Amino acid sequence: MHLTVLGSGASYPGAGRACAGYLVTTGAARLLLDCGNGSVSNLARVVAPEDLSAVFVTHGHLDHFADLYVLQAALRYAPQAPAPALDLFAPPGVMEAVLAPLSERGRQEMRDAFREHELSDGVSRSVSDAVVTPVSVKHAGQTYALVVESGGRRLVYTSDSVLDDRLVEAARGAHVLLADATLPDEYAGRAPHMTPSEAGRLAALAGVGTLVLTHLWPSVDRVAAARDAARAFGGRIMVASEMLAVDV
């Protein structure tokens, strides 16, 4: 299993960056985890959009689904012909939010491009040789962490979440933990996100192999973020950046 970071920013991207988007490839599957603004441009650098196996959207915040509009255009106007409908897994209500600002024609194009499936807590979904299990986490509205397993390897993406016991259990034993680290330590508790220190504590409690800090505000000092996480976690720490590639 292989992870490529397409977007590492939170809410809005800093210069040259994109918002939440992660490509996970296995022997047979190409999974897009979240589809935030700017992520599809980076996706196209490694995988043609029409070659995706499925898209998983973790919750209904714009920085996690904005590029579904872009992806729809890439699929419906693919170079050879319109691509078959792509499986889209998301919490209830996300597709309604996506469709809301569109004309009737735009809504139909979205429905043609994506085959919608609702995520449910703990209900695993198989996509080719990968199994993806959503785990409900505390953020805003219905939000899911995603546990991706294939070939005996395990990647856990926290999405946006606070640190609690349920998230620790979801992350336990992950070979790679892709963790929300939005807030500088001085902002701890101001929003339903983790700080780098909390992401480090999560990694330590869950006994993970590699911690990848992601979903960072543009103003966050990324070197300092890694240092903060290392105070709690003694294992391998990486800070996400666009096109970072990680073997799981």
# chains A, B, ... in the order shown; residues from 1 in each chain; ligands from 1

$ residues_around --residues "A:Ala83" --least-positions-apart "6" --cutoff "7 Å" --atoms "only C-alpha atoms" --output "short mmCIF file (atom, residue, chain, number, x, y, z; two decimals) with N, CA and C atoms, in the first residue's frame"
data_model
loop_
_atom_site.label_atom_id
_atom_site.label_comp_id
_atom_site.auth_asym_id
_atom_site.auth_seq_id
_atom_site.Cartn_x
_atom_site.Cartn_y
_atom_site.Cartn_z
N GLU A 50 -9.94 9.36 -14.23
CA GLU A 50 -10.82 8.28 -14.66
C GLU A 50 -10.33 6.89 -14.26
N LEU A 75 -14.19 13.53 -15.10
CA LEU A 75 -14.78 12.22 -15.42
C LEU A 75 -15.74 12.31 -16.60
N ARG A 76 -16.57 13.33 -16.61
CA ARG A 76 -17.58 13.43 -17.67
C ARG A 76 -16.98 13.83 -19.00
#

$ select_by_dssp --residues "stretch 93-201 of chain A" --states "alpha helix (DSSP H)" --output "ChimeraX atom specification"
/A:94-99,104-113,165-171,196-201

$ atom_distance --atom1 "atom CA of A:Ala54" --atom2 "atom CA of A:Ile237"
28.1 Å

$ atom_distance --atom1 "atom CA of A:Ser8" --atom2 "atom CA of A:His64"
10.8 Å

$ atom_distance --atom1 "atom CA of A:Pro79" --atom2 "atom CA of A:Val94"
28.2 Å

$ residues_around --residues "A:Ser126" --least-positions-apart "2" --cutoff "12 Å" --atoms "only C-alpha atoms" --output "list in words"
Ala28, Ala29, Leu31, Ser53, Ala54, Asp87, Phe89, Val123, Ser124, Ser128, Asp129, Ala130, Val131, Val132, Thr133, Pro134, Val147, Val148, Glu149 and Ser150 of chain A

$ write_last_selection --atoms "N, CA and C atoms" --output "compact mmCIF listing (two decimals), in the first residue's frame"
# COMPACT_ATOMS: atom_id res chain seq x y z
N ALA A 28 -4.41 -3.30 -6.54
CA ALA A 28 -5.45 -3.18 -7.55
C ALA A 28 -6.34 -1.96 -7.41
N ALA A 29 -6.28 -1.27 -6.28
CA ALA A 29 -7.20 -0.16 -6.02
C ALA A 29 -6.49 1.17 -5.99
N LEU A 31 -7.61 4.69 -4.37
CA LEU A 31 -8.62 5.32 -3.53
C LEU A 31 -8.26 6.76 -3.26
N SER A 53 -10.54 4.14 -8.38
CA SER A 53 -11.47 3.06 -8.04
C SER A 53 -12.65 3.55 -7.22
N ALA A 54 -12.43 4.55 -6.36
CA ALA A 54 -13.48 5.08 -5.50
C ALA A 54 -12.99 6.35 -4.83
N ASP A 87 -17.64 5.28 -7.81
CA ASP A 87 -18.23 5.08 -6.49
C ASP A 87 -17.76 6.19 -5.54
N PHE A 89 -18.25 7.38 -1.62
CA PHE A 89 -18.69 7.03 -0.28
C PHE A 89 -18.60 8.26 0.60
N VAL A 123 -19.13 0.07 9.47
CA VAL A 123 -19.54 -0.79 8.34
C VAL A 123 -18.47 -0.72 7.25
N SER A 124 -17.74 -1.81 7.08
CA SER A 124 -16.61 -1.83 6.14
C SER A 124 -17.10 -1.88 4.70
N SER A 128 -12.08 -3.52 -4.52
CA SER A 128 -11.02 -4.36 -5.07
C SER A 128 -10.31 -5.07 -3.92
N ASP A 129 -8.99 -4.90 -3.78
CA ASP A 129 -8.24 -5.61 -2.73
C ASP A 129 -8.08 -4.79 -1.46
N ALA A 130 -8.84 -3.72 -1.31
CA ALA A 130 -8.77 -2.87 -0.12
C ALA A 130 -10.09 -2.93 0.65
N VAL A 131 -9.98 -2.83 1.97
CA VAL A 131 -11.16 -2.75 2.84
C VAL A 131 -11.05 -1.43 3.60
N VAL A 132 -12.11 -0.63 3.53
CA VAL A 132 -12.13 0.68 4.19
C VAL A 132 -13.24 0.67 5.23
N THR A 133 -12.87 0.97 6.47
CA THR A 133 -13.83 0.98 7.56
C THR A 133 -13.95 2.39 8.14
N PRO A 134 -15.13 3.00 8.09
CA PRO A 134 -15.32 4.32 8.69
C PRO A 134 -15.55 4.19 10.19
N VAL A 147 -10.19 3.73 8.17
CA VAL A 147 -9.18 2.68 8.36
C VAL A 147 -9.08 1.91 7.05
N VAL A 148 -7.93 1.95 6.41
CA VAL A 148 -7.73 1.30 5.11
C VAL A 148 -6.79 0.12 5.32
N GLU A 149 -7.23 -1.07 4.91
CA GLU A 149 -6.43 -2.28 5.09
C GLU A 149 -6.31 -3.02 3.76
N SER A 150 -5.10 -3.49 3.48
CA SER A 150 -4.85 -4.25 2.26
C SER A 150 -3.53 -4.98 2.40

$ closest_atom_pairs --of "stretch 35-70 of chain A" --to "stretch 99-119 of chain A" --cutoff "12 Å" --atoms "only C-alpha atoms" --output "tab-separated table"
residue	atom	partner	partner_atom	distance
A:Pro49	CA	A:Ala113	CA	11.5
A:Glu50	CA	A:Ala113	CA	10.2
A:Leu52	CA	A:Phe114	CA	11.7
A:Ser53	CA	A:Phe114	CA	11.4
A:Ala54	CA	A:Phe114	CA	9.3
A:Val55	CA	A:Phe114	CA	9.1
A:Phe56	CA	A:Leu119	CA	8.8
A:Val57	CA	A:Leu119	CA	9.1
A:Thr58	CA	A:Leu119	CA	8.7
A:His59	CA	A:Leu119	CA	10.0
A:Phe65	CA	A:Leu99	CA	11.5
A:Ala66	CA	A:Leu99	CA	11.3
A:Asp67	CA	A:Met110	CA	12.0
A:Leu68	CA	A:Met110	CA	8.6
A:Tyr69	CA	A:Met110	CA	7.7
A:Val70	CA	A:Met110	CA	10.3

$ closest_residue --among "A:Leu23, A:Leu62, A:Ala85, A:Leu146" --to "A:Leu43" --atoms "only C-alpha atoms"
A:Leu23

$ residues_around --residues "stretch 185-198 of chain A" --least-positions-apart "2" --cutoff "8 Å" --atoms "only C-alpha atoms" --output "ChimeraX atom specification"
/A:138-140,160-163,180-183,200-202,213,225-226,228-232

$ closest_residue --among "A:Gly207, A:Gly9, A:Pro92, A:Val168" --to "A:Arg222" --atoms "only C-alpha atoms"
A:Gly9

$ closest_residue --among "A:Asp221, A:Asp247, A:Glu169, A:Glu96" --to "A:Leu205" --atoms "only C-alpha atoms"
A:Glu169
